[in-house]
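Below: upload-v5.cif (mmCIF, C-alpha atoms)
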data_structure
loop_
_atom_site.label_atom_id
_atom_site.label_comp_id
_atom_site.auth_asym_id
_atom_site.auth_seq_id
_atom_site.Cartn_x
_atom_site.Cartn_y
_atom_site.Cartn_z
CA MET A 17 -31.71 -209.68 -69.58
CA SER A 18 -29.09 -212.18 -70.79
CA ALA A 19 -27.47 -214.63 -68.38
CA ALA A 20 -25.08 -213.00 -65.91
CA VAL A 21 -23.38 -213.53 -62.57
CA TYR A 22 -22.81 -210.69 -60.11
CA GLU A 23 -21.12 -211.14 -56.76
CA THR A 24 -20.97 -208.20 -54.38
CA LEU A 25 -17.80 -207.46 -52.46
CA PRO A 26 -17.87 -206.71 -48.74
CA ALA A 27 -17.69 -202.98 -48.20
CA ARG A 28 -18.46 -200.51 -45.44
CA VAL A 29 -18.60 -196.95 -46.73
CA VAL A 30 -19.01 -193.75 -44.75
CA PHE A 31 -19.75 -190.78 -47.02
CA GLY A 32 -20.18 -187.09 -46.34
CA ALA A 33 -18.50 -183.78 -45.63
CA GLY A 34 -16.74 -183.89 -42.27
CA SER A 35 -16.89 -187.69 -42.03
CA VAL A 36 -13.14 -187.87 -41.33
CA ALA A 37 -14.16 -187.05 -37.76
CA ARG A 38 -15.53 -190.59 -37.58
CA LEU A 39 -12.12 -192.16 -38.14
CA ALA A 40 -11.65 -193.27 -34.53
CA GLU A 41 -15.18 -194.65 -34.44
CA GLU A 42 -14.64 -196.61 -37.67
CA THR A 43 -11.30 -198.10 -36.61
CA ASN A 44 -12.93 -199.11 -33.33
CA HIS A 45 -15.83 -200.67 -35.26
CA VAL A 46 -13.44 -202.99 -37.11
CA GLY A 47 -11.44 -203.81 -33.98
CA LEU A 48 -8.17 -201.94 -34.56
CA ARG A 49 -6.32 -200.95 -31.40
CA ARG A 50 -2.74 -200.17 -32.50
CA ILE A 51 -2.82 -198.28 -35.76
CA LEU A 52 -0.02 -197.31 -38.14
CA VAL A 53 -1.00 -194.31 -40.30
CA LEU A 54 0.24 -194.58 -43.90
CA SER A 55 0.78 -191.68 -46.30
CA THR A 56 3.13 -190.17 -48.85
CA PRO A 57 5.44 -187.31 -47.80
CA THR A 58 3.11 -184.81 -49.49
CA GLN A 59 0.20 -185.96 -47.30
CA HIS A 60 2.06 -185.19 -44.09
CA ASP A 61 -0.65 -182.85 -42.78
CA LEU A 62 -3.45 -185.36 -43.34
CA ALA A 63 -1.42 -188.10 -41.68
CA ARG A 64 -0.92 -185.90 -38.63
CA ARG A 65 -4.60 -185.01 -38.59
CA ALA A 66 -5.54 -188.69 -38.69
CA THR A 67 -3.08 -189.37 -35.88
CA ALA A 68 -4.66 -186.66 -33.75
CA ILE A 69 -8.15 -188.08 -34.31
CA LEU A 70 -6.99 -191.59 -33.42
CA GLY A 71 -5.27 -190.41 -30.25
CA ASP A 72 -3.59 -193.17 -28.24
CA ARG A 73 -4.57 -195.77 -30.85
CA ALA A 74 -2.05 -194.32 -33.32
CA VAL A 75 1.33 -195.99 -32.75
CA GLY A 76 3.17 -194.25 -35.57
CA VAL A 77 3.18 -192.71 -39.02
CA TYR A 78 4.80 -194.20 -42.11
CA GLU A 79 5.12 -191.44 -44.72
CA ARG A 80 7.13 -193.28 -47.38
CA ALA A 81 4.38 -194.70 -49.61
CA ARG A 82 5.45 -194.58 -53.25
CA MET A 83 3.84 -194.90 -56.65
CA HIS A 84 3.60 -198.45 -58.06
CA VAL A 85 4.28 -199.90 -54.56
CA PRO A 86 7.96 -200.93 -54.80
CA LEU A 87 8.70 -204.19 -53.02
CA ALA A 88 11.46 -202.52 -50.98
CA THR A 89 8.91 -200.06 -49.59
CA VAL A 90 6.54 -202.89 -48.68
CA ILE A 91 9.28 -204.78 -46.84
CA ASP A 92 10.31 -201.64 -44.97
CA ALA A 93 6.72 -200.82 -43.98
CA VAL A 94 6.09 -204.39 -42.79
CA GLU A 95 9.18 -204.14 -40.57
CA VAL A 96 8.08 -200.80 -39.14
CA ALA A 97 4.59 -202.14 -38.43
CA ALA A 98 6.04 -205.17 -36.65
CA GLU A 99 8.41 -203.03 -34.56
CA LEU A 100 5.51 -200.84 -33.45
CA GLY A 101 3.21 -203.77 -32.76
CA ALA A 102 0.58 -202.41 -35.14
CA ASP A 103 -2.57 -204.47 -35.61
CA GLY A 104 -3.86 -202.42 -38.54
CA CYS A 105 -3.45 -199.28 -40.61
CA VAL A 106 -5.15 -196.14 -41.82
CA ALA A 107 -4.36 -195.31 -45.45
CA ALA A 108 -4.55 -191.53 -45.73
CA GLY A 109 -4.09 -190.42 -49.31
CA GLY A 110 -4.40 -191.52 -52.92
CA GLY A 111 -3.59 -194.63 -54.89
CA SER A 112 0.04 -194.94 -53.79
CA THR A 113 -0.91 -195.01 -50.11
CA ILE A 114 -3.89 -197.30 -50.60
CA GLY A 115 -1.70 -199.57 -52.72
CA LEU A 116 0.77 -199.84 -49.85
CA ALA A 117 -2.05 -200.62 -47.41
CA LYS A 118 -3.18 -203.42 -49.73
CA ALA A 119 0.33 -204.82 -49.84
CA LEU A 120 0.54 -204.80 -46.02
CA SER A 121 -2.80 -206.61 -45.87
CA LEU A 122 -1.53 -209.19 -48.34
CA ARG A 123 1.91 -209.79 -46.87
CA ALA A 124 1.40 -209.09 -43.16
CA GLY A 125 -2.33 -209.63 -42.62
CA LEU A 126 -2.87 -206.04 -41.46
CA PRO A 127 -6.43 -204.74 -42.00
CA TYR A 128 -6.92 -201.09 -42.80
CA VAL A 129 -9.36 -198.22 -43.09
CA ALA A 130 -9.06 -196.00 -46.18
CA LEU A 131 -9.24 -192.20 -46.29
CA PRO A 132 -9.11 -191.50 -50.06
CA THR A 133 -8.02 -188.05 -51.21
CA THR A 134 -8.17 -188.58 -54.99
CA TYR A 135 -10.71 -190.01 -57.42
CA ALA A 136 -9.08 -193.20 -58.71
CA GLY A 137 -11.37 -195.58 -56.79
CA SER A 138 -8.65 -198.11 -55.95
CA GLU A 139 -10.01 -198.48 -52.42
CA MET A 140 -13.07 -200.28 -53.81
CA THR A 141 -11.14 -203.04 -55.57
CA PRO A 142 -9.46 -206.27 -54.44
CA VAL A 143 -6.70 -205.63 -56.98
CA TRP A 144 -3.17 -205.30 -55.62
CA GLY A 145 0.12 -204.47 -57.34
CA ILE A 146 3.75 -204.66 -56.24
CA THR A 147 6.72 -203.63 -58.39
CA GLU A 148 10.06 -205.46 -58.35
CA ASP A 149 12.87 -205.38 -60.92
CA SER A 150 10.91 -203.08 -63.25
CA ARG A 151 7.97 -205.47 -63.43
CA LYS A 152 4.65 -204.79 -61.75
CA ARG A 153 2.94 -207.94 -60.48
CA THR A 154 -0.78 -207.68 -59.90
CA GLY A 155 -3.42 -209.97 -58.47
CA ARG A 156 -6.84 -210.12 -56.90
CA ASP A 157 -7.43 -211.06 -53.28
CA ARG A 158 -10.35 -210.06 -51.08
CA SER A 159 -8.01 -209.77 -48.13
CA VAL A 160 -6.69 -206.47 -49.54
CA LEU A 161 -10.07 -204.74 -49.41
CA PRO A 162 -10.33 -202.09 -46.68
CA ARG A 163 -12.50 -202.83 -43.68
CA ALA A 164 -14.06 -199.39 -44.16
CA VAL A 165 -13.78 -196.45 -46.54
CA ILE A 166 -14.38 -192.89 -45.37
CA TYR A 167 -15.23 -190.62 -48.29
CA ASP A 168 -15.00 -187.03 -47.09
CA PRO A 169 -15.26 -184.45 -49.90
CA GLU A 170 -13.50 -181.94 -47.66
CA LEU A 171 -10.32 -184.06 -47.82
CA THR A 172 -10.14 -183.47 -51.57
CA ALA A 173 -10.41 -179.68 -51.31
CA THR A 174 -6.64 -179.17 -51.56
CA VAL A 175 -6.01 -181.75 -54.29
CA PRO A 176 -4.36 -179.99 -57.26
CA ALA A 177 -6.66 -179.67 -60.26
CA ALA A 178 -4.30 -181.74 -62.41
CA VAL A 179 -4.33 -184.60 -59.89
CA ALA A 180 -8.11 -184.47 -59.65
CA ALA A 181 -8.36 -184.69 -63.44
CA THR A 182 -5.97 -187.58 -64.00
CA SER A 183 -7.15 -189.63 -61.03
CA GLY A 184 -10.74 -189.20 -62.21
CA LEU A 185 -9.78 -190.34 -65.72
CA ASN A 186 -8.15 -193.36 -64.11
CA ALA A 187 -11.50 -194.18 -62.50
CA ILE A 188 -13.33 -193.71 -65.81
CA ALA A 189 -10.93 -196.25 -67.34
CA HIS A 190 -12.03 -198.74 -64.66
CA ALA A 191 -15.64 -198.29 -65.69
CA VAL A 192 -15.00 -198.48 -69.43
CA GLU A 193 -13.17 -201.79 -69.03
CA ALA A 194 -15.88 -203.11 -66.73
CA LEU A 195 -18.47 -202.46 -69.45
CA TYR A 196 -16.80 -204.89 -71.87
CA ALA A 197 -15.35 -207.34 -69.34
CA PRO A 198 -16.34 -210.99 -69.87
CA ASP A 199 -17.90 -211.06 -66.39
CA SER A 200 -19.77 -207.77 -66.65
CA SER A 201 -23.41 -207.74 -65.60
CA PRO A 202 -26.41 -205.39 -65.55
CA PRO A 203 -25.58 -204.02 -62.08
CA VAL A 204 -21.99 -203.37 -63.15
CA ALA A 205 -23.13 -201.71 -66.37
CA ALA A 206 -25.49 -199.43 -64.44
CA MET A 207 -22.79 -198.44 -61.95
CA ALA A 208 -20.25 -197.89 -64.72
CA GLU A 209 -22.48 -195.61 -66.72
CA ARG A 210 -23.45 -193.58 -63.66
CA GLY A 211 -19.84 -193.39 -62.47
CA ILE A 212 -18.58 -192.12 -65.82
CA ARG A 213 -21.39 -189.55 -65.96
CA ASP A 214 -20.66 -188.30 -62.43
CA LEU A 215 -16.96 -187.84 -63.10
CA ALA A 216 -17.50 -186.26 -66.52
CA GLU A 217 -19.83 -183.76 -64.86
CA ALA A 218 -17.63 -182.95 -61.88
CA LEU A 219 -14.08 -182.98 -63.23
CA PRO A 220 -14.45 -179.97 -65.57
CA VAL A 221 -15.71 -177.94 -62.61
CA LEU A 222 -12.77 -179.01 -60.47
CA ARG A 223 -10.38 -178.32 -63.34
CA THR A 224 -11.16 -174.62 -62.97
CA GLY A 225 -9.91 -174.70 -59.40
CA ALA A 226 -13.34 -173.83 -58.09
CA SER A 227 -13.96 -174.59 -54.43
CA ASP A 228 -17.11 -176.53 -55.19
CA GLY A 229 -18.14 -178.98 -52.48
CA ALA A 230 -20.97 -180.39 -54.58
CA ALA A 231 -18.60 -181.17 -57.46
CA ARG A 232 -16.11 -182.84 -55.11
CA ALA A 233 -18.89 -184.98 -53.66
CA THR A 234 -20.10 -185.95 -57.14
CA ALA A 235 -16.55 -186.86 -58.17
CA LEU A 236 -16.13 -189.06 -55.09
CA GLU A 237 -19.43 -190.77 -55.82
CA GLY A 238 -18.21 -191.44 -59.34
CA ALA A 239 -14.89 -192.78 -58.08
CA TRP A 240 -16.73 -195.07 -55.64
CA LEU A 241 -18.93 -196.48 -58.43
CA CYS A 242 -16.13 -196.85 -60.98
CA GLY A 243 -13.88 -198.56 -58.45
CA ALA A 244 -16.66 -200.94 -57.48
CA CYS A 245 -17.05 -201.85 -61.16
CA LEU A 246 -13.40 -202.79 -61.46
CA GLY A 247 -13.67 -204.72 -58.22
CA ALA A 248 -16.45 -206.88 -59.68
CA THR A 249 -14.94 -207.60 -63.10
CA THR A 250 -11.83 -208.77 -64.91
CA MET A 251 -9.26 -206.24 -66.11
CA GLY A 252 -8.45 -206.10 -69.82
CA LEU A 253 -5.98 -204.56 -72.25
CA HIS A 254 -6.13 -201.04 -70.83
CA HIS A 255 -5.01 -202.03 -67.36
CA LYS A 256 -2.52 -204.55 -68.69
CA LEU A 257 -0.80 -201.87 -70.77
CA CYS A 258 -0.81 -199.36 -67.92
CA HIS A 259 0.69 -201.86 -65.49
CA VAL A 260 3.44 -202.74 -67.95
CA LEU A 261 4.19 -199.08 -68.67
CA GLY A 262 4.23 -198.24 -64.98
CA GLY A 263 6.33 -201.19 -63.94
CA MET A 264 8.93 -201.00 -66.72
CA LEU A 265 9.25 -197.24 -67.01
CA ASP A 266 8.02 -195.96 -63.62
CA LEU A 267 5.53 -193.67 -65.34
CA PRO A 268 3.07 -191.63 -63.28
CA HIS A 269 0.13 -193.94 -62.73
CA ALA A 270 -2.92 -191.73 -63.24
CA GLU A 271 -1.36 -189.80 -66.12
CA THR A 272 -0.63 -193.06 -67.93
CA HIS A 273 -4.28 -194.10 -67.60
CA ALA A 274 -5.35 -190.71 -68.96
CA VAL A 275 -3.15 -191.05 -72.02
CA MET A 276 -4.11 -194.65 -72.79
CA LEU A 277 -7.88 -194.32 -72.17
CA PRO A 278 -9.06 -193.06 -75.59
CA HIS A 279 -6.56 -195.19 -77.53
CA VAL A 280 -7.47 -198.51 -75.93
CA ALA A 281 -11.14 -197.55 -76.19
CA ALA A 282 -10.65 -196.92 -79.92
CA PHE A 283 -9.21 -200.42 -80.27
CA ASN A 284 -11.75 -202.26 -78.09
CA LEU A 285 -15.11 -200.49 -78.34
CA PRO A 286 -15.82 -201.47 -81.98
CA ALA A 287 -15.83 -205.06 -80.71
CA ALA A 288 -18.11 -204.13 -77.78
CA PRO A 289 -21.02 -202.06 -79.16
CA HIS A 290 -23.05 -202.24 -75.94
CA ALA A 291 -20.12 -200.80 -74.01
CA ALA A 292 -19.61 -198.11 -76.64
CA ALA A 293 -23.26 -197.10 -76.42
CA ALA A 294 -23.12 -196.91 -72.61
CA VAL A 295 -20.00 -194.71 -72.66
CA ALA A 296 -21.59 -192.43 -75.28
CA ARG A 297 -24.72 -192.07 -73.16
CA ALA A 298 -22.69 -191.33 -70.05
CA LEU A 299 -20.77 -188.61 -71.87
CA ASP A 300 -23.88 -187.30 -73.64
CA ALA A 301 -22.13 -187.64 -76.98
CA PRO A 302 -22.81 -189.45 -80.26
CA VAL A 303 -19.41 -191.22 -80.41
CA ALA A 304 -17.77 -192.65 -77.30
CA VAL A 305 -14.13 -192.59 -78.39
CA ALA A 306 -14.21 -189.01 -79.65
CA ALA A 307 -15.93 -187.93 -76.44
CA LEU A 308 -13.27 -189.61 -74.31
CA HIS A 309 -10.49 -187.90 -76.26
CA LYS A 310 -12.28 -184.57 -75.92
CA LEU A 311 -12.68 -185.03 -72.16
CA VAL A 312 -8.99 -185.86 -71.67
CA THR A 313 -7.99 -182.82 -73.71
CA GLU A 314 -10.41 -180.42 -72.03
CA LEU A 315 -9.22 -181.50 -68.59
CA GLY A 316 -5.66 -180.57 -69.53
CA ALA A 317 -4.38 -184.10 -68.89
CA PRO A 318 -1.41 -185.48 -70.83
CA THR A 319 -2.43 -186.81 -74.24
CA SER A 320 0.71 -188.66 -75.34
CA LEU A 321 3.24 -191.10 -73.95
CA ALA A 322 5.93 -188.81 -75.32
CA GLU A 323 4.79 -186.17 -72.82
CA LEU A 324 5.44 -188.68 -70.05
CA GLY A 325 9.02 -189.24 -71.22
CA VAL A 326 8.54 -192.47 -73.18
CA SER A 327 10.84 -192.85 -76.17
CA ARG A 328 9.57 -194.33 -79.40
CA ALA A 329 12.30 -196.97 -79.24
CA GLN A 330 10.72 -198.40 -76.05
CA LEU A 331 7.32 -199.15 -77.59
CA ARG A 332 8.11 -202.56 -79.04
CA ALA A 333 9.45 -203.83 -75.70
CA ILE A 334 6.27 -202.61 -74.01
CA ALA A 335 4.15 -204.47 -76.58
CA GLU A 336 6.19 -207.65 -76.18
CA GLU A 337 5.95 -207.56 -72.38
CA THR A 338 2.19 -207.01 -72.59
CA LEU A 339 1.85 -210.24 -74.58
CA THR A 340 3.75 -212.37 -72.04
CA ALA A 341 0.69 -212.98 -69.87
CA PRO A 342 -2.89 -213.63 -71.01
CA TYR A 343 -5.67 -211.19 -70.24
CA ALA A 344 -9.36 -210.98 -71.01
CA ASN A 345 -10.26 -208.58 -73.79
CA PRO A 346 -13.18 -208.20 -76.23
CA ARG A 347 -10.77 -208.10 -79.17
CA PRO A 348 -7.56 -210.14 -79.56
CA ALA A 349 -4.38 -208.14 -80.03
CA ASP A 350 -1.12 -209.29 -81.61
CA LEU A 351 2.28 -207.61 -81.62
CA ARG A 352 1.42 -205.44 -84.62
CA ASP A 353 -1.88 -204.34 -83.08
CA LEU A 354 -0.21 -203.34 -79.83
CA THR A 355 2.66 -201.59 -81.54
CA ASP A 356 0.23 -199.56 -83.65
CA LEU A 357 -1.87 -198.70 -80.59
CA LEU A 358 1.21 -197.62 -78.64
CA GLU A 359 2.48 -195.58 -81.61
CA ALA A 360 -0.79 -193.65 -81.64
CA ALA A 361 -0.62 -193.15 -77.87
CA TRP A 362 3.02 -192.08 -78.09
CA SER A 363 2.31 -189.41 -80.68
CA GLY A 364 -1.02 -188.38 -79.17
CA THR A 365 -2.79 -188.92 -82.47
CA PRO A 366 -6.53 -188.53 -81.77
CA ALA A 367 -8.20 -191.92 -81.55
#
Kindly return the structure encoded in the file as structure tokens.
Amino acid sequence: MSAAVYETLPARVVFGAGSVARLAEETNHVGLRRILVLSTPTQHDLARRATAILGDRAVGVYERARMHVPLATVIDAVEVAAELGADGCVAAGGGSTIGLAKALSLRAGLPYVALPTTYAGSEMTPVWGITEDSRKRTGRDRSVLPRAVIYDPELTATVPAAVAATSGLNAIAHAVEALYAPDSSPPVAAMAERGIRDLAEALPVLRTGASDGAARATALEGAWLCGACLGATTMGLHHKLCHVLGGMLDLPHAETHAVMLPHVAAFNLPAAPHAAAAVARALDAPVAVAALHKLVTELGAPTSLAELGVSRAQLRAIAEETLTAPYANPRPADLRDLTDLLEAAWSGTPA
């Protein structure tokens, strides 16, 4: 084994069907007494269910979490939490809700317990993002990690097949980047390969709309592993591009990751043969990039930026913004490289 450094992040994970019933126990374990439940409007039922489980400890529900975590939403949620005297939160939902919980941890010092309902794996990372003036700022801070994560496959039973697919592809992107990150390590590589394999096995089953508890559990395991990989490594070109696209154009987060995944892999993996081999093994395919493109297509996810409403005229500005801040990447990219990559992603040309 070559030289490597691996530092584990603090994490308490409760996994299993029906484990949402332990929500009150878990919030008590981490010392929360006055809890604000966070969700999006579409997760109203889950927010109310969490409130019922928490009983008198729930002081309110904030159902205005939004994609890309707009600063105005963060400020509003901080004010609501202060008015209610909340000492912590429960994040009930997907990446938008967990992103808001991270922002409240960062700006107001409010700890939280996560109840993930999608497969993106954000709850396992110390990465936060807040959008202001069409620019998404991101950072890493251990204070934004949840005090506990409750993975209950039953909570994902009503997730639309399209959301399951794109959120899972988002998680796979975490793992692919972790494989070629400058601070990757053997434990990260092992988790990444297993996480990709789990999701590639489960997502096609869930795409059919089948009520398959085993597949949902496998997908959550994959999301957990892929998120943990991102949490332990440095983000590269894929995440940089997705953050710029999301911040500038307010594109749907998971769908953007799905579109960009095979194209950034096509650019980076030739410069990272060990990562390419690991992805190929995980997908049981001879060529990693082709297998990623095939998976995205078979899952019915968007395959072009044009499908997401991006105009060709916007691509150069996206490339220029991407170059304004340095990022770790196995292969350097200049303006021409990024423009060509974005052109391919815009048209959906197979990588």
So that I can check the surroundings of Ala349 of chain A, please list as a short mmCIF file (atom, residue, chain, number, x, y, z; two decimals) with C-alpha atoms, keeping the file's coordinate frame every protein, DNA and RNA residue that reaches within 9 Å of it, counting only C-alpha atoms and ignoring chain neighbours fewer than 5 positions away.
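Done, and the output landed in around.cif:
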data_model
loop_
_atom_site.label_atom_id
_atom_site.label_comp_id
_atom_site.auth_asym_id
_atom_site.auth_seq_id
_atom_site.Cartn_x
_atom_site.Cartn_y
_atom_site.Cartn_z
CA LEU A 253 -5.98 -204.56 -72.25
CA LEU A 339 1.85 -210.24 -74.58
CA LEU A 354 -0.21 -203.34 -79.83
#
- Message: If I take atom CA of Leu52 of chain A and atom CA of Gly76 of chain A, how far is one from the other in Å, to one decimal?
- Response: 5.1 Å
Evaluating the PyMOL selection byres ((chain A and resi 199) around 10) on the displayed file yields which residues, as a CSV table (one decimal) with C-alpha atoms, keeping the file's coordinate frame?
chain,number,residue,atom,x,y,z
A,20,ALA,CA,-25.1,-213.0,-65.9
A,21,VAL,CA,-23.4,-213.5,-62.6
A,22,TYR,CA,-22.8,-210.7,-60.1
A,194,ALA,CA,-15.9,-203.1,-66.7
A,195,LEU,CA,-18.5,-202.5,-69.4
A,196,TYR,CA,-16.8,-204.9,-71.9
A,197,ALA,CA,-15.4,-207.3,-69.3
A,198,PRO,CA,-16.3,-211.0,-69.9
A,200,SER,CA,-19.8,-207.8,-66.6
A,201,SER,CA,-23.4,-207.7,-65.6
A,204,VAL,CA,-22.0,-203.4,-63.2
A,248,ALA,CA,-16.4,-206.9,-59.7
A,249,THR,CA,-14.9,-207.6,-63.1
A,250,THR,CA,-11.8,-208.8,-64.9
A,251,MET,CA,-9.3,-206.2,-66.1
A,344,ALA,CA,-9.4,-211.0,-71.0
- Item | Atomic separation - atom CA of Thr365 of chain A relative to atom CA of His279 of chain A, Å |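 Going from atom CA of His279 of chain A over to atom CA of Thr365 of chain A covers 8.8 Å.
Between Val275 of chain A and the candidates A:Tyr167, A:Trp362, A:Tyr343, A:Trp240, the tightest atom-to-atom separation, counting all atoms listed in the file, involves A:Trp362.
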- For Val53 of chain A, which of A:Thr338, A:Thr319, A:Thr24, A:Thr67 is the closest residue, counting only C-alpha atoms?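 The closest residue to Val53 of chain A is A:Thr67.
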- Message: Take the PyMOL selection byres ((chain A and resi 105) around 8), run it mentally on this structure, and tell me the resulting residues as number ranges by chain.
- Response: A: 51-54, 102-104, 106-107, 117, 126-129
- Give me the residues within 12 Å of Leu277 of chain A as JSON, numbers by chain, counting only C-alpha atoms and dropping any in the same chain fewer than 2 places off. {"A": [182, 184, 185, 186, 187, 188, 189, 190, 191, 192, 193, 253, 254, 255, 257, 258, 270, 271, 272, 273, 274, 275, 279, 280, 281, 282, 283, 284, 285, 304, 305, 306, 307, 308, 309, 310, 311, 312, 313, 317, 318, 319, 320, 321, 357, 358, 360, 361, 364, 366, 367]}
- Item | Nearest residue to Lys256 of chain A from the set A:Thr154, A:Ala180, A:Glu237, A:Arg210 (distances using all atoms listed in the file) | A:Thr154
- Which value, in Å to one decimal, gives the distance between atom CA of Thr113 of chain A and atom CA of Met83 of chain A?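 Value for the atom CA of Thr113 of chain A-atom CA of Met83 of chain A distance: 8.1 Å.
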Have segment 218-231 of chain A completed to N, CA and C atoms, please, and pass it along as an mmCIF file, keeping the file's coordinate frame.
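New file part.cif:
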data_model
loop_
_atom_site.group_PDB
_atom_site.id
_atom_site.type_symbol
_atom_site.label_atom_id
_atom_site.label_comp_id
_atom_site.auth_asym_id
_atom_site.auth_seq_id
_atom_site.Cartn_x
_atom_site.Cartn_y
_atom_site.Cartn_z
ATOM 1 N N ALA A 218 -18.325 -183.644 -62.964
ATOM 2 C CA ALA A 218 -17.630 -182.950 -61.880
ATOM 3 C C ALA A 218 -16.224 -182.488 -62.231
ATOM 4 N N LEU A 219 -15.491 -183.300 -62.997
ATOM 5 C CA LEU A 219 -14.080 -182.980 -63.230
ATOM 6 C C LEU A 219 -13.855 -181.645 -63.952
ATOM 7 N N PRO A 220 -14.662 -181.292 -64.955
ATOM 8 C CA PRO A 220 -14.450 -179.970 -65.570
ATOM 9 C C PRO A 220 -14.631 -178.821 -64.594
ATOM 10 N N VAL A 221 -15.528 -178.970 -63.635
ATOM 11 C CA VAL A 221 -15.710 -177.940 -62.610
ATOM 12 C C VAL A 221 -14.466 -177.839 -61.742
ATOM 13 N N LEU A 222 -13.951 -179.002 -61.328
ATOM 14 C CA LEU A 222 -12.770 -179.010 -60.470
ATOM 15 C C LEU A 222 -11.532 -178.559 -61.217
ATOM 16 N N ARG A 223 -11.515 -178.752 -62.525
ATOM 17 C CA ARG A 223 -10.380 -178.320 -63.340
ATOM 18 C C ARG A 223 -10.179 -176.809 -63.265
ATOM 19 N N THR A 224 -11.249 -176.083 -63.053
ATOM 20 C CA THR A 224 -11.160 -174.620 -62.970
ATOM 21 C C THR A 224 -10.562 -174.156 -61.660
ATOM 22 N N GLY A 225 -10.408 -175.069 -60.717
ATOM 23 C CA GLY A 225 -9.910 -174.700 -59.400
ATOM 24 C C GLY A 225 -10.985 -174.190 -58.479
ATOM 25 N N ALA A 226 -12.236 -174.311 -58.907
ATOM 26 C CA ALA A 226 -13.340 -173.830 -58.090
ATOM 27 C C ALA A 226 -13.454 -174.626 -56.796
ATOM 28 N N SER A 227 -13.740 -173.934 -55.720
ATOM 29 C CA SER A 227 -13.960 -174.590 -54.430
ATOM 30 C C SER A 227 -15.421 -175.008 -54.361
ATOM 31 N N ASP A 228 -15.727 -176.100 -55.004
ATOM 32 C CA ASP A 228 -17.110 -176.530 -55.190
ATOM 33 C C ASP A 228 -17.328 -177.855 -54.455
ATOM 34 N N GLY A 229 -17.918 -177.784 -53.277
ATOM 35 C CA GLY A 229 -18.140 -178.980 -52.480
ATOM 36 C C GLY A 229 -19.047 -179.984 -53.162
ATOM 37 N N ALA A 230 -20.052 -179.493 -53.888
ATOM 38 C CA ALA A 230 -20.970 -180.390 -54.580
ATOM 39 C C ALA A 230 -20.239 -181.172 -55.671
ATOM 40 N N ALA A 231 -19.352 -180.488 -56.411
ATOM 41 C CA ALA A 231 -18.600 -181.170 -57.460
ATOM 42 C C ALA A 231 -17.642 -182.198 -56.867
#
